[in-house]
$ cat query-v1.txt   # compact mmCIF, C-alpha atoms
# COMPACT_ATOMS: atom_id res chain seq x y z
CA MET A 19 50.22 170.43 136.74
CA SER A 20 50.76 173.97 138.00
CA HIS A 21 53.16 174.76 140.80
CA PHE A 22 50.20 175.61 143.05
CA GLU A 23 48.77 172.15 142.43
CA ALA A 24 52.19 170.63 143.13
CA PHE A 25 52.38 172.52 146.41
CA ALA A 26 48.86 171.50 147.46
CA LEU A 27 49.29 167.82 146.57
CA ALA A 28 52.70 167.59 148.24
CA LEU A 29 51.26 169.21 151.37
CA ILE A 30 48.39 166.72 151.41
CA GLN A 31 50.78 163.80 150.90
CA GLY A 32 53.12 164.97 153.64
CA LEU A 33 50.37 165.60 156.18
CA THR A 34 48.45 162.39 155.53
CA GLU A 35 51.20 159.83 154.86
CA PHE A 36 51.90 159.22 158.54
CA LEU A 37 48.55 160.05 160.13
CA PRO A 38 45.93 157.26 160.41
CA ILE A 39 43.56 159.07 158.04
CA SER A 40 44.43 157.68 154.56
CA SER A 41 46.48 159.68 152.08
CA SER A 42 44.64 158.10 149.12
CA ALA A 43 41.31 159.38 150.42
CA HIS A 44 42.70 162.90 150.46
CA LEU A 45 44.57 162.73 147.17
CA ILE A 46 41.40 161.71 145.33
CA LEU A 47 39.59 164.88 146.45
CA PRO A 48 41.40 167.35 144.16
CA SER A 49 40.73 165.18 141.09
CA GLN A 50 37.12 164.41 142.03
CA ILE A 51 36.10 167.87 143.24
CA LEU A 52 38.44 170.25 141.40
CA GLY A 53 39.10 168.18 138.29
CA TRP A 54 42.88 168.29 138.65
CA ALA A 55 44.83 166.02 136.34
CA ASP A 56 46.86 163.06 137.57
CA GLN A 57 50.19 164.27 138.97
CA GLY A 58 52.26 161.77 137.00
CA LEU A 59 55.12 159.41 137.83
CA ALA A 60 57.78 162.06 138.39
CA PHE A 61 55.73 163.79 141.07
CA ASP A 62 54.91 160.46 142.73
CA VAL A 63 58.66 159.80 142.97
CA ALA A 64 59.24 163.30 144.36
CA VAL A 65 56.77 162.99 147.24
CA HIS A 66 58.08 159.51 148.05
CA VAL A 67 61.58 161.00 148.30
CA GLY A 68 60.28 163.81 150.50
CA THR A 69 58.34 161.61 152.93
CA LEU A 70 61.16 159.04 153.09
CA ALA A 71 63.67 161.78 153.91
CA ALA A 72 61.30 163.10 156.59
CA VAL A 73 60.85 159.81 158.46
CA MET A 74 64.54 158.89 158.13
CA GLY A 75 65.56 162.36 159.24
CA TYR A 76 63.24 162.36 162.25
CA PHE A 77 64.35 158.89 163.37
CA ARG A 78 67.96 159.32 162.22
CA LYS A 79 69.44 158.08 165.52
CA GLU A 80 67.18 155.02 165.57
CA VAL A 81 67.86 154.30 161.89
CA VAL A 82 71.64 154.35 162.39
CA THR A 83 71.40 152.22 165.54
CA LEU A 84 69.01 149.69 164.03
CA LEU A 85 70.94 149.41 160.77
CA SER A 86 74.24 148.97 162.61
CA ALA A 87 72.75 146.33 164.92
CA TRP A 88 71.11 144.53 161.99
CA LEU A 89 74.36 144.37 160.02
CA GLY A 90 76.17 143.27 163.17
CA SER A 91 73.72 140.42 163.62
CA ILE A 92 74.34 139.28 160.04
CA PHE A 93 78.11 139.54 159.80
CA LYS A 94 79.21 139.20 163.43
CA GLY A 95 76.38 137.22 164.97
CA ARG A 96 75.63 139.90 167.56
CA ARG A 97 72.33 139.71 169.41
CA CYS A 98 70.67 142.71 171.02
CA ALA A 99 67.27 144.38 171.32
CA GLU A 100 68.00 146.75 168.44
CA ALA A 101 68.98 143.90 166.10
CA LYS A 102 65.81 142.03 167.00
CA LEU A 103 63.67 145.11 166.29
CA ALA A 104 65.42 145.61 162.95
CA TRP A 105 64.66 142.00 161.98
CA MET A 106 61.02 142.46 163.04
CA ILE A 107 60.77 145.49 160.75
CA VAL A 108 62.24 143.48 157.87
CA LEU A 109 59.80 140.64 158.55
CA ALA A 110 56.85 143.05 158.72
CA THR A 111 57.76 144.38 155.26
CA ILE A 112 57.48 141.01 153.50
CA PRO A 113 53.66 140.64 153.37
CA ALA A 114 53.20 144.01 151.64
CA CYS A 115 55.89 143.12 149.07
CA VAL A 116 54.20 139.79 148.28
CA PHE A 117 50.71 141.31 148.25
CA GLY A 118 51.84 144.16 146.03
CA LEU A 119 53.53 141.80 143.59
CA PHE A 120 50.41 139.71 143.01
CA MET A 121 47.57 142.16 143.70
CA LYS A 122 48.77 145.53 142.41
CA ASP A 123 47.06 145.24 139.01
CA ILE A 124 43.78 144.07 140.56
CA ILE A 125 43.80 146.98 143.00
CA GLU A 126 44.53 149.47 140.22
CA LEU A 127 41.73 148.08 138.04
CA TYR A 128 38.94 147.47 140.54
CA LEU A 129 39.58 149.20 143.86
CA ARG A 130 40.77 152.71 143.04
CA SER A 131 37.28 154.19 143.07
CA ALA A 132 35.88 156.96 145.20
CA TRP A 133 33.18 154.61 146.54
CA VAL A 134 35.74 152.07 147.73
CA ILE A 135 37.80 154.82 149.35
CA ALA A 136 34.76 156.26 151.12
CA GLY A 137 33.77 152.83 152.44
CA THR A 138 37.24 151.83 153.63
CA THR A 139 37.82 155.24 155.20
CA ILE A 140 34.74 154.75 157.39
CA PHE A 141 35.14 151.02 158.08
CA PHE A 142 38.79 151.12 159.09
CA GLY A 143 38.18 154.31 161.06
CA LEU A 144 35.55 152.49 163.15
CA LEU A 145 37.91 149.52 163.53
CA LEU A 146 40.63 151.85 164.81
CA TRP A 147 38.19 153.31 167.36
CA TRP A 148 37.06 149.86 168.54
CA VAL A 149 40.61 148.57 168.96
CA ASP A 150 41.93 151.76 170.60
CA ALA A 151 39.08 151.80 173.11
CA ARG A 152 39.98 148.24 174.23
CA ALA A 153 43.77 148.45 173.97
CA THR A 154 45.77 147.32 177.00
CA LEU A 155 48.68 149.66 176.14
CA ARG A 156 51.39 147.59 177.85
CA ALA A 157 54.15 146.68 175.36
CA ASP A 158 56.74 148.68 173.45
CA GLU A 159 58.19 148.04 170.00
CA TYR A 160 61.26 146.22 171.37
CA GLN A 161 59.02 143.44 172.70
CA THR A 162 57.67 142.58 169.24
CA THR A 163 57.63 138.85 168.45
CA TRP A 164 57.88 137.38 164.96
CA LYS A 165 54.19 136.45 165.01
CA GLN A 166 53.23 139.99 166.00
CA SER A 167 55.52 141.39 163.33
CA LEU A 168 53.86 139.27 160.64
CA PHE A 169 50.41 140.29 161.90
CA ILE A 170 51.30 143.99 161.64
CA GLY A 171 52.89 143.29 158.26
CA LEU A 172 49.65 141.73 157.04
CA ALA A 173 47.82 144.87 158.16
CA GLN A 174 50.28 146.92 156.12
CA ALA A 175 49.62 144.70 153.11
CA ALA A 176 45.84 145.13 153.50
CA ALA A 177 46.40 148.89 153.55
CA MET A 178 47.26 148.75 149.85
CA ILE A 179 43.48 148.87 149.40
CA PRO A 180 42.82 152.60 148.84
CA GLY A 181 41.29 154.44 151.78
CA THR A 182 42.58 152.01 154.39
CA SER A 183 45.63 154.04 155.49
CA ARG A 184 48.96 152.29 155.93
CA SER A 185 49.72 154.00 159.22
CA GLY A 186 46.12 153.53 160.40
CA ALA A 187 46.12 149.80 159.65
CA THR A 188 49.52 149.14 161.23
CA MET A 189 48.72 151.18 164.35
CA THR A 190 45.38 149.39 164.68
CA ALA A 191 47.14 146.02 164.51
CA ALA A 192 49.82 147.08 167.00
CA LEU A 193 47.24 148.44 169.46
CA HIS A 194 45.31 145.19 169.17
CA LEU A 195 48.49 143.35 170.17
CA GLY A 196 48.87 145.46 173.33
CA PHE A 197 51.35 148.10 172.18
CA THR A 198 51.22 151.52 173.78
CA ARG A 199 50.03 154.26 171.42
CA ASP A 200 53.51 155.75 171.24
CA ALA A 201 55.09 152.35 170.51
CA ALA A 202 52.44 151.56 167.88
CA ALA A 203 53.15 154.86 166.15
CA ARG A 204 56.92 154.47 166.33
CA PHE A 205 56.84 150.91 164.97
CA SER A 206 54.49 152.03 162.19
CA PHE A 207 56.78 154.93 161.24
CA LEU A 208 59.95 152.82 161.33
CA MET A 209 58.40 150.06 159.21
CA SER A 210 57.32 152.70 156.69
CA ILE A 211 60.98 153.29 155.76
CA PRO A 212 61.62 150.07 153.80
CA ILE A 213 58.17 150.08 152.17
CA ILE A 214 58.46 153.72 151.03
CA LEU A 215 62.00 153.01 149.81
CA LEU A 216 60.80 150.02 147.80
CA ALA A 217 57.75 151.86 146.42
CA GLY A 218 59.85 154.90 145.50
CA GLY A 219 62.45 152.70 143.81
CA TYR A 220 59.77 150.91 141.81
CA LEU A 221 58.23 154.20 140.69
CA GLY A 222 61.68 155.56 139.88
CA MET A 223 62.41 152.63 137.58
CA LYS A 224 59.04 153.10 135.89
CA LEU A 225 59.83 156.78 135.40
CA VAL A 226 63.21 156.04 133.81
CA THR A 227 61.70 153.55 131.36
CA SER A 228 58.59 155.61 130.60
CA GLY A 229 60.33 158.55 128.97
CA GLU A 230 57.97 160.93 130.76
CA SER A 231 59.05 164.56 130.72
CA VAL A 232 60.03 166.03 134.08
CA ASP A 233 59.07 169.45 135.46
CA PHE A 234 62.02 170.03 137.77
CA GLY A 235 60.34 173.03 139.38
CA GLY A 236 57.30 170.96 140.35
CA LEU A 237 59.62 168.12 141.37
CA GLY A 238 61.53 170.38 143.76
CA ILE A 239 58.30 171.71 145.25
CA GLY A 240 57.04 168.15 145.74
CA ILE A 241 60.18 167.02 147.56
CA ALA A 242 60.52 170.12 149.75
CA VAL A 243 56.87 170.50 150.76
CA SER A 244 56.27 166.81 151.41
CA PHE A 245 59.47 166.65 153.49
CA VAL A 246 58.65 169.65 155.70
CA SER A 247 54.98 168.75 156.18
CA ALA A 248 55.70 165.05 156.88
CA TYR A 249 58.47 165.88 159.36
CA ALA A 250 56.23 168.31 161.23
CA CYS A 251 53.36 165.83 161.14
CA ILE A 252 55.44 163.02 162.69
CA HIS A 253 56.69 165.34 165.44
CA VAL A 254 53.24 166.66 166.38
CA PHE A 255 51.55 163.25 166.19
CA LEU A 256 54.07 161.61 168.54
CA LYS A 257 53.65 164.50 170.99
CA LEU A 258 49.85 164.30 171.03
CA VAL A 259 48.87 160.66 170.44
CA THR A 260 49.46 159.49 174.03
CA ARG A 261 47.28 162.27 175.42
CA LEU A 262 44.56 162.41 172.77
CA GLY A 263 44.36 158.78 171.67
CA MET A 264 42.96 157.87 168.26
CA LEU A 265 39.44 159.28 168.67
CA PRO A 266 40.11 162.64 166.93
CA PHE A 267 41.41 160.80 163.87
CA VAL A 268 38.46 158.38 163.94
CA ILE A 269 36.00 161.28 163.97
CA TYR A 270 37.88 162.94 161.12
CA ARG A 271 37.79 159.71 159.08
CA LEU A 272 34.05 159.33 159.61
CA LEU A 273 33.42 162.93 158.53
CA LEU A 274 35.71 162.53 155.51
CA GLY A 275 34.05 159.28 154.42
CA ALA A 276 30.58 160.74 154.89
CA GLY A 277 31.59 163.83 152.94
CA LEU A 278 32.89 161.70 150.07
CA ILE A 279 29.65 159.70 149.98
CA ALA A 280 27.57 162.88 150.02
CA PHE A 281 29.62 164.33 147.15
CA LEU A 282 29.30 161.14 145.09
CA LEU A 283 25.55 160.93 145.65
CA SER A 284 25.12 164.56 144.58
CA HIS A 285 26.98 163.94 141.31
$ encode --input "query-v1.txt" --output "structure tokens"
Amino acid sequence: MSHFEAFALALIQGLTEFLPISSSAHLILPSQILGWADQGLAFDVAVHVGTLAAVMGYFRKEVVTLLSAWLGSIFKGRRCAEAKLAWMIVLATIPACVFGLFMKDIIELYLRSAWVIAGTTIFFGLLLWWVDARATLRADEYQTTWKQSLFIGLAQAAAMIPGTSRSGATMTAALHLGFTRDAAARFSFLMSIPIILLAGGYLGMKLVTSGESVDFGGLGIGIAVSFVSAYACIHVFLKLVTRLGMLPFVIYRLLLGAGLIAFLLSH
């Protein structure tokens, strides 16, 4: 993989990881259209590090507060809104861990196709539009119940199907439950931290045991570009989502899915 390819793929990963538009749908385009080779384990680890650093850096105050409150609830029995939210984030992470443990091989074998990605990009885009149009927009993330947390967690688990979009699925679920758009986005971003950490750790262990050679130049580009683009993306999205709603992203998903289908039919 050239350094230009590393830059382009890291930019795509950073821009699409936290938007409700599916990073997998975008990452398949260079390989399908341009014939680029798979980026390899080392680069996967690099962009996970970059996007994790971006979301933790952007929400650094919330992360420190939530972690402190969570530890306080465990060791000192303290109860507060921040501790409750931290526990809801932990609970929402469990379904994806279980689903990934039992379904990862099936997804890799049967669902990582361009046709599946095109279909899920369109279907879940329409679902996001339908839910957003009917959302009551009343609750914030601190009002999350354990049942709501599990429901959003199940949406995150379903998003392991390529083309679904983790952030899109979790925001759709949160909006359906009555969250405001800002709260849905914030909860989705915060619950991405443990899942990206776990996924990055898993890929890191695979990398260590694989013996794969590492291009440290490409690795550095992957970390830096994915960090900067993801950080900027989070900031802009949170500024605009309350005013614009989800419709621009729905339209984009429909165009992307239709474009993928047109490309596949022409080849």
$ residues_around --input "query-v1.txt" --residues "Ile112 in chain A" --least-positions-apart "5" --cutoff "12 Å" --atoms "only C-alpha atoms" --output "list in words"
Trp105, Met106, Ile107, Phe117, Gly118, Leu119, Ser167, Leu168, Phe169, Ile170, Gly171, Leu172, Ala173, Gln174, Ala175, Met209, Pro212, Ile213 and Leu216 of chain A
$ residues_around --input "query-v1.txt" --residues "Gln161 in chain A" --least-positions-apart "6" --cutoff "12 Å" --atoms "all atoms listed in the file" --output "PyMOL selection string"
chain A and resi 98-104+106+167+192+195-198+201-202+205
$ residues_around --input "query-v1.txt" --residues "Ile279 in chain A" --least-positions-apart "6" --cutoff "12 Å" --atoms "all atoms listed in the file" --output "PyMOL selection string"
chain A and resi 43+47+50+131-140+272-273+285
$ closest_residue --input "query-v1.txt" --among "A:Leu258, A:Ala176, A:Leu237, A:Ala26" --to "Val116 in chain A" --atoms "all atoms listed in the file"
A:Ala176
$ atom_distance --input "query-v1.txt" --atom1 "CA of Ile179 in chain A" --atom2 "CA of Leu29 in chain A"
21.9 Å
$ closest_residue --input "query-v1.txt" --among "A:Met178, A:Leu208, A:Ala114, A:Leu146" --to "Val73 in chain A" --atoms "all atoms listed in the file"
A:Leu208
$ residues_around --input "query-v1.txt" --residues "Val67 in chain A" --least-positions-apart "3" --cutoff "12 Å" --atoms "all atoms listed in the file" --output "ChimeraX atom specification"
/A:28,31-32,60-64,70-75,211,214-219,221-222,237-246,248
$ atom_distance --input "query-v1.txt" --atom1 "CA of Lys224 in chain A" --atom2 "CA of Leu59 in chain A"
7.7 Å
$ atom_distance --input "query-v1.txt" --atom1 "CA of Val259 in chain A" --atom2 "CA of Ser42 in chain A"
21.9 Å
$ residues_around --input "query-v1.txt" --residues "range 268-270 of chain A" --least-positions-apart "2" --cutoff "8 Å" --atoms "all atoms listed in the file" --output "number ranges by chain"
A: 39, 143-144, 146-147, 264-266, 272-274
$ closest_residue --input "query-v1.txt" --among "A:Ala110, A:Gly235, A:Ala191, A:Arg96" --to "Phe22 in chain A" --atoms "only C-alpha atoms"
A:Gly235
$ closest_residue --input "query-v1.txt" --among "A:Phe142, A:Phe281, A:Tyr160, A:Phe207" --to "Ser40 in chain A" --atoms "all atoms listed in the file"
A:Phe142
$ closest_residue --input "query-v1.txt" --among "A:Leu109, A:Leu85, A:Ile92, A:Leu27" --to "Trp164 in chain A" --atoms "all atoms listed in the file"
A:Leu109
$ closest_residue --input "query-v1.txt" --among "A:Gly229, A:Met189, A:Arg199, A:Leu127" --to "Thr154 in chain A" --atoms "all atoms listed in the file"
A:Arg199
$ decode --input "query-v1.txt" --residues "range 151-260 of chain A" --atoms "C-alpha atoms" --output "PDB file, in the first residue's frame"
ATOM      1  CA  ALA A 151     -39.123  12.071  10.866  1.00  0.00           C
ATOM      2  CA  ARG A 152     -41.235  10.656  13.734  1.00  0.00           C
ATOM      3  CA  ALA A 153     -38.831  11.248  16.621  1.00  0.00           C
ATOM      4  CA  THR A 154     -40.219  13.025  19.687  1.00  0.00           C
ATOM      5  CA  LEU A 155     -36.783  14.458  20.601  1.00  0.00           C
ATOM      6  CA  ARG A 156     -37.445  14.773  24.339  1.00  0.00           C
ATOM      7  CA  ALA A 157     -34.825  12.827  26.335  1.00  0.00           C
ATOM      8  CA  ASP A 158     -31.100  13.209  26.870  1.00  0.00           C
ATOM      9  CA  GLU A 159     -28.462  10.524  27.387  1.00  0.00           C
ATOM     10  CA  TYR A 160     -28.581  10.822  31.198  1.00  0.00           C
ATOM     11  CA  GLN A 161     -32.180   9.551  31.188  1.00  0.00           C
ATOM     12  CA  THR A 162     -31.233   6.240  29.550  1.00  0.00           C
ATOM     13  CA  THR A 163     -32.766   3.169  31.209  1.00  0.00           C
ATOM     14  CA  TRP A 164     -31.233  -0.297  31.178  1.00  0.00           C
ATOM     15  CA  LYS A 165     -33.839  -1.500  28.677  1.00  0.00           C
ATOM     16  CA  GLN A 166     -33.090   1.411  26.363  1.00  0.00           C
ATOM     17  CA  SER A 167     -29.375   0.795  26.744  1.00  0.00           C
ATOM     18  CA  LEU A 168     -29.762  -2.842  25.721  1.00  0.00           C
ATOM     19  CA  PHE A 169     -31.933  -1.834  22.762  1.00  0.00           C
ATOM     20  CA  ILE A 170     -29.284   0.598  21.507  1.00  0.00           C
ATOM     21  CA  GLY A 171     -26.648  -2.059  22.197  1.00  0.00           C
ATOM     22  CA  LEU A 172     -28.544  -4.533  20.025  1.00  0.00           C
ATOM     23  CA  ALA A 173     -28.578  -1.933  17.252  1.00  0.00           C
ATOM     24  CA  GLN A 174     -24.806  -1.621  17.615  1.00  0.00           C
ATOM     25  CA  ALA A 175     -24.490  -5.399  17.365  1.00  0.00           C
ATOM     26  CA  ALA A 176     -26.627  -5.466  14.190  1.00  0.00           C
ATOM     27  CA  ALA A 177     -24.316  -2.828  12.729  1.00  0.00           C
ATOM     28  CA  MET A 178     -21.587  -5.461  12.441  1.00  0.00           C
ATOM     29  CA  ILE A 179     -23.359  -6.344   9.192  1.00  0.00           C
ATOM     30  CA  PRO A 180     -21.373  -4.378   6.586  1.00  0.00           C
ATOM     31  CA  GLY A 181     -23.084  -1.271   5.238  1.00  0.00           C
ATOM     32  CA  THR A 182     -25.304  -0.784   8.269  1.00  0.00           C
ATOM     33  CA  SER A 183     -23.181   1.885  10.017  1.00  0.00           C
ATOM     34  CA  ARG A 184     -22.532   1.598  13.739  1.00  0.00           C
ATOM     35  CA  SER A 185     -23.248   5.248  14.405  1.00  0.00           C
ATOM     36  CA  GLY A 186     -26.263   5.194  12.070  1.00  0.00           C
ATOM     37  CA  ALA A 187     -27.803   2.158  13.772  1.00  0.00           C
ATOM     38  CA  THR A 188     -27.240   3.439  17.309  1.00  0.00           C
ATOM     39  CA  MET A 189     -28.542   6.924  16.504  1.00  0.00           C
ATOM     40  CA  THR A 190     -31.597   5.405  14.807  1.00  0.00           C
ATOM     41  CA  ALA A 191     -32.320   3.331  17.918  1.00  0.00           C
ATOM     42  CA  ALA A 192     -31.806   6.300  20.250  1.00  0.00           C
ATOM     43  CA  LEU A 193     -34.061   8.553  18.161  1.00  0.00           C
ATOM     44  CA  HIS A 194     -36.719   5.845  18.178  1.00  0.00           C
ATOM     45  CA  LEU A 195     -36.553   5.887  21.985  1.00  0.00           C
ATOM     46  CA  GLY A 196     -37.177   9.647  22.102  1.00  0.00           C
ATOM     47  CA  PHE A 197     -33.641  10.995  22.437  1.00  0.00           C
ATOM     48  CA  THR A 198     -32.871  14.421  21.030  1.00  0.00           C
ATOM     49  CA  ARG A 199     -30.587  14.329  17.991  1.00  0.00           C
ATOM     50  CA  ASP A 200     -27.708  15.783  19.990  1.00  0.00           C
ATOM     51  CA  ALA A 201     -28.202  13.251  22.812  1.00  0.00           C
ATOM     52  CA  ALA A 202     -28.469  10.367  20.328  1.00  0.00           C
ATOM     53  CA  ALA A 203     -25.201  11.437  18.715  1.00  0.00           C
ATOM     54  CA  ARG A 204     -23.410  11.936  22.019  1.00  0.00           C
ATOM     55  CA  PHE A 205     -24.521   8.567  23.390  1.00  0.00           C
ATOM     56  CA  SER A 206     -23.489   6.898  20.125  1.00  0.00           C
ATOM     57  CA  PHE A 207     -20.046   8.535  20.221  1.00  0.00           C
ATOM     58  CA  LEU A 208     -19.462   7.718  23.895  1.00  0.00           C
ATOM     59  CA  MET A 209     -20.490   4.079  23.459  1.00  0.00           C
ATOM     60  CA  SER A 210     -18.089   3.828  20.514  1.00  0.00           C
ATOM     61  CA  ILE A 211     -15.133   4.166  22.913  1.00  0.00           C
ATOM     62  CA  PRO A 212     -15.283   0.703  24.524  1.00  0.00           C
ATOM     63  CA  ILE A 213     -16.195  -1.047  21.264  1.00  0.00           C
ATOM     64  CA  ILE A 214     -13.350   0.600  19.299  1.00  0.00           C
ATOM     65  CA  LEU A 215     -10.986  -0.160  22.187  1.00  0.00           C
ATOM     66  CA  LEU A 216     -12.007  -3.819  22.177  1.00  0.00           C
ATOM     67  CA  ALA A 217     -11.862  -4.106  18.373  1.00  0.00           C
ATOM     68  CA  GLY A 218      -8.468  -2.397  18.252  1.00  0.00           C
ATOM     69  CA  GLY A 219      -7.132  -4.650  21.010  1.00  0.00           C
ATOM     70  CA  TYR A 220      -8.351  -7.747  19.189  1.00  0.00           C
ATOM     71  CA  LEU A 221      -6.735  -6.620  15.931  1.00  0.00           C
ATOM     72  CA  GLY A 222      -3.562  -5.716  17.801  1.00  0.00           C
ATOM     73  CA  MET A 223      -3.289  -9.225  19.240  1.00  0.00           C
ATOM     74  CA  LYS A 224      -3.868 -10.702  15.791  1.00  0.00           C
ATOM     75  CA  LEU A 225      -1.135  -8.468  14.409  1.00  0.00           C
ATOM     76  CA  VAL A 226       1.363  -9.547  17.074  1.00  0.00           C
ATOM     77  CA  THR A 227       0.708 -13.237  16.432  1.00  0.00           C
ATOM     78  CA  SER A 228       0.550 -12.932  12.637  1.00  0.00           C
ATOM     79  CA  GLY A 229       4.138 -11.867  12.074  1.00  0.00           C
ATOM     80  CA  GLU A 230       2.971  -9.375   9.448  1.00  0.00           C
ATOM     81  CA  SER A 231       5.568  -6.801   8.449  1.00  0.00           C
ATOM     82  CA  VAL A 232       4.804  -3.217   9.443  1.00  0.00           C
ATOM     83  CA  ASP A 233       5.243  -0.098   7.306  1.00  0.00           C
ATOM     84  CA  PHE A 234       5.764   2.465  10.054  1.00  0.00           C
ATOM     85  CA  GLY A 235       5.424   5.353   7.612  1.00  0.00           C
ATOM     86  CA  GLY A 236       1.995   4.158   6.486  1.00  0.00           C
ATOM     87  CA  LEU A 237       1.129   3.403  10.114  1.00  0.00           C
ATOM     88  CA  GLY A 238       1.924   6.959  11.173  1.00  0.00           C
ATOM     89  CA  ILE A 239      -0.113   8.385   8.302  1.00  0.00           C
ATOM     90  CA  GLY A 240      -3.041   6.154   9.248  1.00  0.00           C
ATOM     91  CA  ILE A 241      -3.034   7.246  12.885  1.00  0.00           C
ATOM     92  CA  ALA A 242      -2.545  10.962  12.199  1.00  0.00           C
ATOM     93  CA  VAL A 243      -5.013  11.334   9.330  1.00  0.00           C
ATOM     94  CA  SER A 244      -7.757   9.240  10.925  1.00  0.00           C
ATOM     95  CA  PHE A 245      -7.347  11.185  14.184  1.00  0.00           C
ATOM     96  CA  VAL A 246      -7.575  14.645  12.612  1.00  0.00           C
ATOM     97  CA  SER A 247     -10.423  13.776  10.233  1.00  0.00           C
ATOM     98  CA  ALA A 248     -12.453  11.938  12.913  1.00  0.00           C
ATOM     99  CA  TYR A 249     -12.005  14.756  15.440  1.00  0.00           C
ATOM    100  CA  ALA A 250     -13.126  17.361  12.914  1.00  0.00           C
ATOM    101  CA  CYS A 251     -16.018  15.160  11.832  1.00  0.00           C
ATOM    102  CA  ILE A 252     -17.339  14.755  15.396  1.00  0.00           C
ATOM    103  CA  HIS A 253     -17.114  18.505  16.000  1.00  0.00           C
ATOM    104  CA  VAL A 254     -18.923  19.491  12.795  1.00  0.00           C
ATOM    105  CA  PHE A 255     -21.590  16.791  13.124  1.00  0.00           C
ATOM    106  CA  LEU A 256     -22.539  17.824  16.670  1.00  0.00           C
ATOM    107  CA  LYS A 257     -22.750  21.463  15.548  1.00  0.00           C
ATOM    108  CA  LEU A 258     -25.020  20.715  12.587  1.00  0.00           C
ATOM    109  CA  VAL A 259     -27.167  17.695  13.486  1.00  0.00           C
ATOM    110  CA  THR A 260     -29.712  19.615  15.588  1.00  0.00           C
TER     111      THR A 260
END
